[in-house]
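Below: one structure, written as C-alpha cells.
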Amino acid sequence: MVNFQTSHRPPRPNQVLKRHLKSNSTTKVLLLFRNLLRKGISSIDSFSLLFVIKACTQKSLPIEGKQMHALVVKLGFETNIFLQTSLIDLYSALGDIGDAHHVFDEIPTKNVVCWTALISGFVDNRKPNKALQVFRQMQIGNVEPDQVTLTIALSACIDLGALEMGEWIHTYVNRRKELSKDLCLINALINMYAKCGDIEIARRLFDSTKKKDVTTWTSMIVGHALHGQAEEALGLFAAMKEENKRTRAKKTSYDSWSGLLIVPNDVTFIGVLMACSHAGMVEEGKKHFRSMIEDYGVKPRLSHFGCMVDLLCRSGLLQEAYDLILDMPVQPNAVLWRTLLGACGTRGNIDLAAEARAQILELEGSRVDDNIIMSNIYAAKGMWDEKIDVREKMKQRRAPGCSSIEIGSLINEFVTADDDHPLKREIYEALGYLIETMKAHGYSPGKSSSSLY
DNA sequence: GTAGGGTTAG
C-alpha cells in the first residue's frame with residue numbers, strides 16, 4: 001500500500017493519506033486510516049483526521065463521516081478550527097445543513113473561513129436567502145469577507161436574481177484593490193451580471209478584464225447565449241480562438257506559449273451550442289459539435305446531446321433529433337425526450353410525440369404539461385376521441401398548478417420568506433419554473449420584477 | 001504539511 005519507490009524512508013502516513021485524497025482514492029484513505037487506528041490512537045493526529053474527513057466529504061459518506069466527527073471529539077480536537085471547518089463542509093455535503101450550523105455555532109472564535117464554509121453550505125443546499133442572511137451576520141460580527149466569501153455570496157445572488165446585492169458586492173470589490181486581482185471573483189461578477197439581467201455591464205466588465213482564463217470567456221459566451229445573443233456568443237468564441245493564434249505567433253517555441261492558450265472546455269461548448277440552437281444555425285452547430293470531439297478531445301455529455309437535440313428540434317428536424325437520441329452513447333433523460341415532445345407539439349408530429357411521451361412516462365411518470373401537448377396535437381389533427389381520452393386521464397391525476405396571479409403572490413412570499421418557511425420549496429420550484437419560462441421569452445430576472453404583476 | 005471558491009441543455 002505504501003509507496004517506497006520515491007524515497008528511501010517510508011513516507012509519513014499523513015503524507016500518504018494526503019496523496020490518496022488528492023488522487024480521489026477514498027477507499028485507500030479509509031483503509032490506511034483503519035490500519036493506523038488499529039496501531040493505536042497515538043499514530044493519529046489532527047492532520048490524519050482532516051484528510052479522512054475530506055475524503056468522506058468528497059464521496060458524501062454519512063456513516064464514516066459521523067464516525068470521524070466522534071473521533072474528533074474523543075481525541076480532544078473539538079476546538080481545532082481546521083477540523084471544525086471541514087466538519088461544516090462535511091455536513092453540508094451530506095445535506096445536513098442543520099448539523100453544519102450546529103458545528104459552526106460551537107466555534108468560539110469564528111474566522112472568515114468558517115463563515116464562508118457555512119455560507120457555501122447554504123448555497124449548495126439551495127438556501128440562497130439563508131446564505132445571504134449569514135453573509136450579513138458575518139459583517140455585523142465584524143469579520144471581513146475575502147475573495148472566496150464574495151464569490152460564493154455572488155452565486156447566492158444568482159440563485160435569487162438579486163442584482164442589487166450583486167452590485168453591492170461589486171462596489172465592495174472595487175473599494176478593495178487586492179480583491180479585484182482575483183480572477184475567480186471577477187468571473188463570478190461577470191457571471192452574476194449576465195445571469196441577473198445586466199448583460200451589458202457583464203460585457204463591459206469582461207472587456208475591461210485584461211487577463212482572462214477559459215472561465216472568463218465561457219461565462220460571457222454562455223451569458224450571451226442565454227440572452228439569445230447568438231452572434232455575440234459565437235463572435236466571442238471566434239475571438240478567443242483568434243487570440244490563441246496571436247499568442248502562438250508571438251512566441252517562438254511551443255514551451256513559451258502552450259500554457260498561455262485558452263483551451264475551450266465542455267462548458268464552453270455548451271454555450272456555443274446553445275447559441276447555435278437559439279439562432280437556428282444547424283450546420284454551424286454540427287460543425288462545432290464535431291470540432292469539440294475531434295479538435296479538442298471533449299467527450300460529449302448528456303447536456304451536449306441535449307443542445308444538439310434542441311438545435312435539431314427548433315429547426316424542425318424531428319426525425320434527425322429522434323435518431324440522435326437513439327444513437328447517442330449516453331442514456332437519454334426525460335428532459336431530453338420532453339424537448340422532442342415539445343417540438344412535436346409545435347410541428348404536429350403525432351407518431352414521434354407518442355413515442356416521446358411513452359419514453360417520458362417510463363422515466364418519470366405522468367406530468368400535466370406533457371398531457372396538454374398530446375391533447376393539443378390530437379385536437380389540432382381533429383382526433384377528438386384521443387384528445388378526450390388524454391383529458392380524462394388528466395382529470396384522474398391532477399398535478400398541482402398555479403395561475404400567474406398565484407405566482408405573483410408566491411414571488412412576494414418568496415422574497416420575504418425565510419428559507420425554513422414550510423412553503424419555501426414549493427415557492428422555489430414555482431419561481432424557478434417561472435424564471436425559466438420568462439428567460440425563454442427573453443426576460444431577465446432582477447431587472448424589472450415589479451412589471452410582472 | 002492543515003479549513004472555505006467559479007462557468008453547464010430545458
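Within each chain, counting starts at residue 1; across the C-alpha cells, chains are named A, B, ... in the order shown, with ligands numbered 1 upward in that order.
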- [ ] Within 9 Å of B:DG1, counting only C-alpha atoms (C1' of nucleotides), which residues show up once you throw out same-chain ones fewer than 6 positions away? Write them as a VMD selection string, please.
- [x] chain A and resid 14 to 15 47
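Coordinates place atom CA of A:Lys127 at a distance of 21.9 Å from atom CA of A:His170.
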Residues of chain A at most 6 Å from chain B: nearest atom pair and distance in Å, only C-alpha atoms (C1' of nucleotides), as a Markdown table:
| residue | atom | partner | partner_atom | distance |
| --- | --- | --- | --- | --- |
| A:Phe47 | CA | B:DT2 | C1' | 5.9 |
| A:Phe82 | CA | B:DA3 | C1' | 4.4 |
| A:Thr85 | CA | B:DA3 | C1' | 5.2 |
| A:Ser86 | CA | B:DA3 | C1' | 5.6 |
| A:Val113 | CA | B:DG4 | C1' | 5.0 |
| A:Thr116 | CA | B:DG4 | C1' | 5.2 |
| A:Ala117 | CA | B:DG4 | C1' | 4.5 |
| A:Val148 | CA | B:DG5 | C1' | 5.0 |
| A:Cys184 | CA | B:DG6 | C1' | 5.6 |
| A:Ala188 | CA | B:DG6 | C1' | 5.8 |
| A:Thr215 | CA | B:DT7 | C1' | 5.1 |
| A:Thr218 | CA | B:DT7 | C1' | 5.7 |
| A:Ser219 | CA | B:DT7 | C1' | 4.9 |
| A:Val267 | CA | B:DT8 | C1' | 5.2 |
| A:Ser303 | CA | B:DA9 | C1' | 4.6 |
| A:Gly306 | CA | B:DA9 | C1' | 4.5 |
| A:Cys307 | CA | B:DA9 | C1' | 4.7 |
TODO: List every residue of stretch 249-335 of chain A that DSSP, applied to the backbone of this structure, places in alpha helix (DSSP H), and write the result as JSON, numbers by chain.
DONE: {"A": [249, 250, 254, 255, 256, 257, 266, 267, 268, 269, 270, 271, 272, 273, 274, 275, 276, 277, 278, 279, 282, 283, 284, 285, 286, 287, 288, 289, 290, 291, 292, 293, 294, 302, 303, 304, 305, 306, 307, 308, 309, 310, 311, 312, 313, 314, 318, 319, 320, 321, 322, 323, 324, 325, 326, 327, 334, 335]}
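Distance-wise, atom CA of A:Ser60 and atom CA of A:Pro108 end up 26.7 Å apart.
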Open item on the list: List as a ChimeraX atom specification the protein and nucleic acid residues near A:Leu75, meaning an atom at most 10 Å away when only C-alpha atoms (C1' of nucleotides) are counted, but skip any in the same chain fewer than 4 places from it.
Closed with: /A:41-42,44-46,70-71
Expected file contents, prior selection, N, CA, C and O atoms, as a PDB file, in the first residue's frame:
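Okay, this is what ended up in part.pdb:
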ATOM      1  N   ILE A  41      -4.220   4.937  18.899  1.00  0.00           N
ATOM      2  CA  ILE A  41      -4.573   6.320  18.583  1.00  0.00           C
ATOM      3  C   ILE A  41      -3.364   7.257  18.570  1.00  0.00           C
ATOM      4  O   ILE A  41      -3.451   8.376  18.084  1.00  0.00           O
ATOM      5  N   SER A  42      -2.233   6.780  19.090  1.00  0.00           N
ATOM      6  CA  SER A  42      -1.066   7.661  19.094  1.00  0.00           C
ATOM      7  C   SER A  42      -0.534   7.910  17.681  1.00  0.00           C
ATOM      8  O   SER A  42       0.206   8.857  17.448  1.00  0.00           O
ATOM      9  N   ILE A  44      -2.327   8.726  15.267  1.00  0.00           N
ATOM     10  CA  ILE A  44      -3.275   9.619  14.589  1.00  0.00           C
ATOM     11  C   ILE A  44      -3.193  11.022  15.188  1.00  0.00           C
ATOM     12  O   ILE A  44      -3.159  11.177  16.405  1.00  0.00           O
ATOM     13  N   ASP A  45      -3.161  12.018  14.320  1.00  0.00           N
ATOM     14  CA  ASP A  45      -3.234  13.391  14.835  1.00  0.00           C
ATOM     15  C   ASP A  45      -4.324  14.153  14.085  1.00  0.00           C
ATOM     16  O   ASP A  45      -5.079  13.564  13.305  1.00  0.00           O
ATOM     17  N   SER A  46      -4.393  15.446  14.323  1.00  0.00           N
ATOM     18  CA  SER A  46      -5.477  16.228  13.718  1.00  0.00           C
ATOM     19  C   SER A  46      -5.363  16.252  12.187  1.00  0.00           C
ATOM     20  O   SER A  46      -6.361  16.338  11.482  1.00  0.00           O
ATOM     21  N   ALA A  70     -17.078  11.843  15.685  1.00  0.00           N
ATOM     22  CA  ALA A  70     -16.999  11.265  17.030  1.00  0.00           C
ATOM     23  C   ALA A  70     -15.540  11.176  17.483  1.00  0.00           C
ATOM     24  O   ALA A  70     -15.216  11.486  18.630  1.00  0.00           O
ATOM     25  N   LEU A  71     -14.678  10.780  16.552  1.00  0.00           N
ATOM     26  CA  LEU A  71     -13.251  10.676  16.889  1.00  0.00           C
ATOM     27  C   LEU A  71     -12.636  12.037  17.206  1.00  0.00           C
ATOM     28  O   LEU A  71     -11.792  12.148  18.091  1.00  0.00           O
TER      29      LEU A  71
END
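Here atom CA of A:Pro329 stands at a distance of 21.3 Å from atom CA of A:Leu361.
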TODO: With a distance cut-off of 9 Å and only C-alpha atoms (C1' of nucleotides), select the neighbouring residues of stretch 93-101 of chain A, excluding the residue or stretch itself and same-chain residues fewer than 5 positions from it, and output the selection as a ChimeraX atom specification.
DONE: /A:57-62,87-88,106,118,121-122,124-125
Atoms to include: N, CA and C atoms. Write the selected residues as a PDB file, in the first residue's frame.
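Output file selection29.pdb follows:
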ATOM      1  N   THR A  57     -16.161  13.747   2.798  1.00  0.00           N
ATOM      2  CA  THR A  57     -16.911  14.831   2.165  1.00  0.00           C
ATOM      3  C   THR A  57     -16.965  14.629   0.654  1.00  0.00           C
ATOM      4  N   GLN A  58     -15.820  14.316   0.086  1.00  0.00           N
ATOM      5  CA  GLN A  58     -15.738  14.099  -1.369  1.00  0.00           C
ATOM      6  C   GLN A  58     -16.759  13.075  -1.844  1.00  0.00           C
ATOM      7  N   LYS A  59     -16.907  12.005  -1.068  1.00  0.00           N
ATOM      8  CA  LYS A  59     -17.785  10.923  -1.501  1.00  0.00           C
ATOM      9  C   LYS A  59     -19.122  10.921  -0.761  1.00  0.00           C
ATOM     10  N   SER A  60     -19.390  11.962   0.022  1.00  0.00           N
ATOM     11  CA  SER A  60     -20.624  12.034   0.813  1.00  0.00           C
ATOM     12  C   SER A  60     -20.897  10.744   1.586  1.00  0.00           C
ATOM     13  N   LEU A  61     -20.001  10.384   2.485  1.00  0.00           N
ATOM     14  CA  LEU A  61     -20.165   9.159   3.271  1.00  0.00           C
ATOM     15  C   LEU A  61     -20.674   9.525   4.672  1.00  0.00           C
ATOM     16  N   PRO A  62     -21.978   9.341   4.923  1.00  0.00           N
ATOM     17  CA  PRO A  62     -22.535   9.791   6.205  1.00  0.00           C
ATOM     18  C   PRO A  62     -22.014   8.988   7.399  1.00  0.00           C
ATOM     19  N   LEU A  87     -15.671  19.910   9.129  1.00  0.00           N
ATOM     20  CA  LEU A  87     -16.914  19.234   9.519  1.00  0.00           C
ATOM     21  C   LEU A  87     -18.140  19.994   8.998  1.00  0.00           C
ATOM     22  N   ILE A  88     -18.057  21.308   8.977  1.00  0.00           N
ATOM     23  CA  ILE A  88     -19.150  22.113   8.397  1.00  0.00           C
ATOM     24  C   ILE A  88     -19.324  21.701   6.941  1.00  0.00           C
ATOM     25  N   GLU A 106     -20.686  26.055  17.557  1.00  0.00           N
ATOM     26  CA  GLU A 106     -19.786  25.639  18.633  1.00  0.00           C
ATOM     27  C   GLU A 106     -18.403  26.280  18.532  1.00  0.00           C
ATOM     28  N   LEU A 118     -19.944  27.956   5.978  1.00  0.00           N
ATOM     29  CA  LEU A 118     -21.378  27.884   6.273  1.00  0.00           C
ATOM     30  C   LEU A 118     -22.212  28.519   5.149  1.00  0.00           C
ATOM     31  N   GLY A 121     -22.343  26.220   2.387  1.00  0.00           N
ATOM     32  CA  GLY A 121     -23.256  25.124   2.686  1.00  0.00           C
ATOM     33  C   GLY A 121     -24.694  25.482   2.357  1.00  0.00           C
ATOM     34  N   PHE A 122     -25.090  26.699   2.715  1.00  0.00           N
ATOM     35  CA  PHE A 122     -26.464  27.117   2.405  1.00  0.00           C
ATOM     36  C   PHE A 122     -26.683  27.248   0.904  1.00  0.00           C
ATOM     37  N   ASP A 124     -25.080  25.529  -1.445  1.00  0.00           N
ATOM     38  CA  ASP A 124     -25.101  24.172  -2.013  1.00  0.00           C
ATOM     39  C   ASP A 124     -26.392  23.440  -1.672  1.00  0.00           C
ATOM     40  N   ASN A 125     -26.994  23.793  -0.541  1.00  0.00           N
ATOM     41  CA  ASN A 125     -28.244  23.141  -0.150  1.00  0.00           C
ATOM     42  C   ASN A 125     -29.476  23.942  -0.583  1.00  0.00           C
TER      43      ASN A 125
END
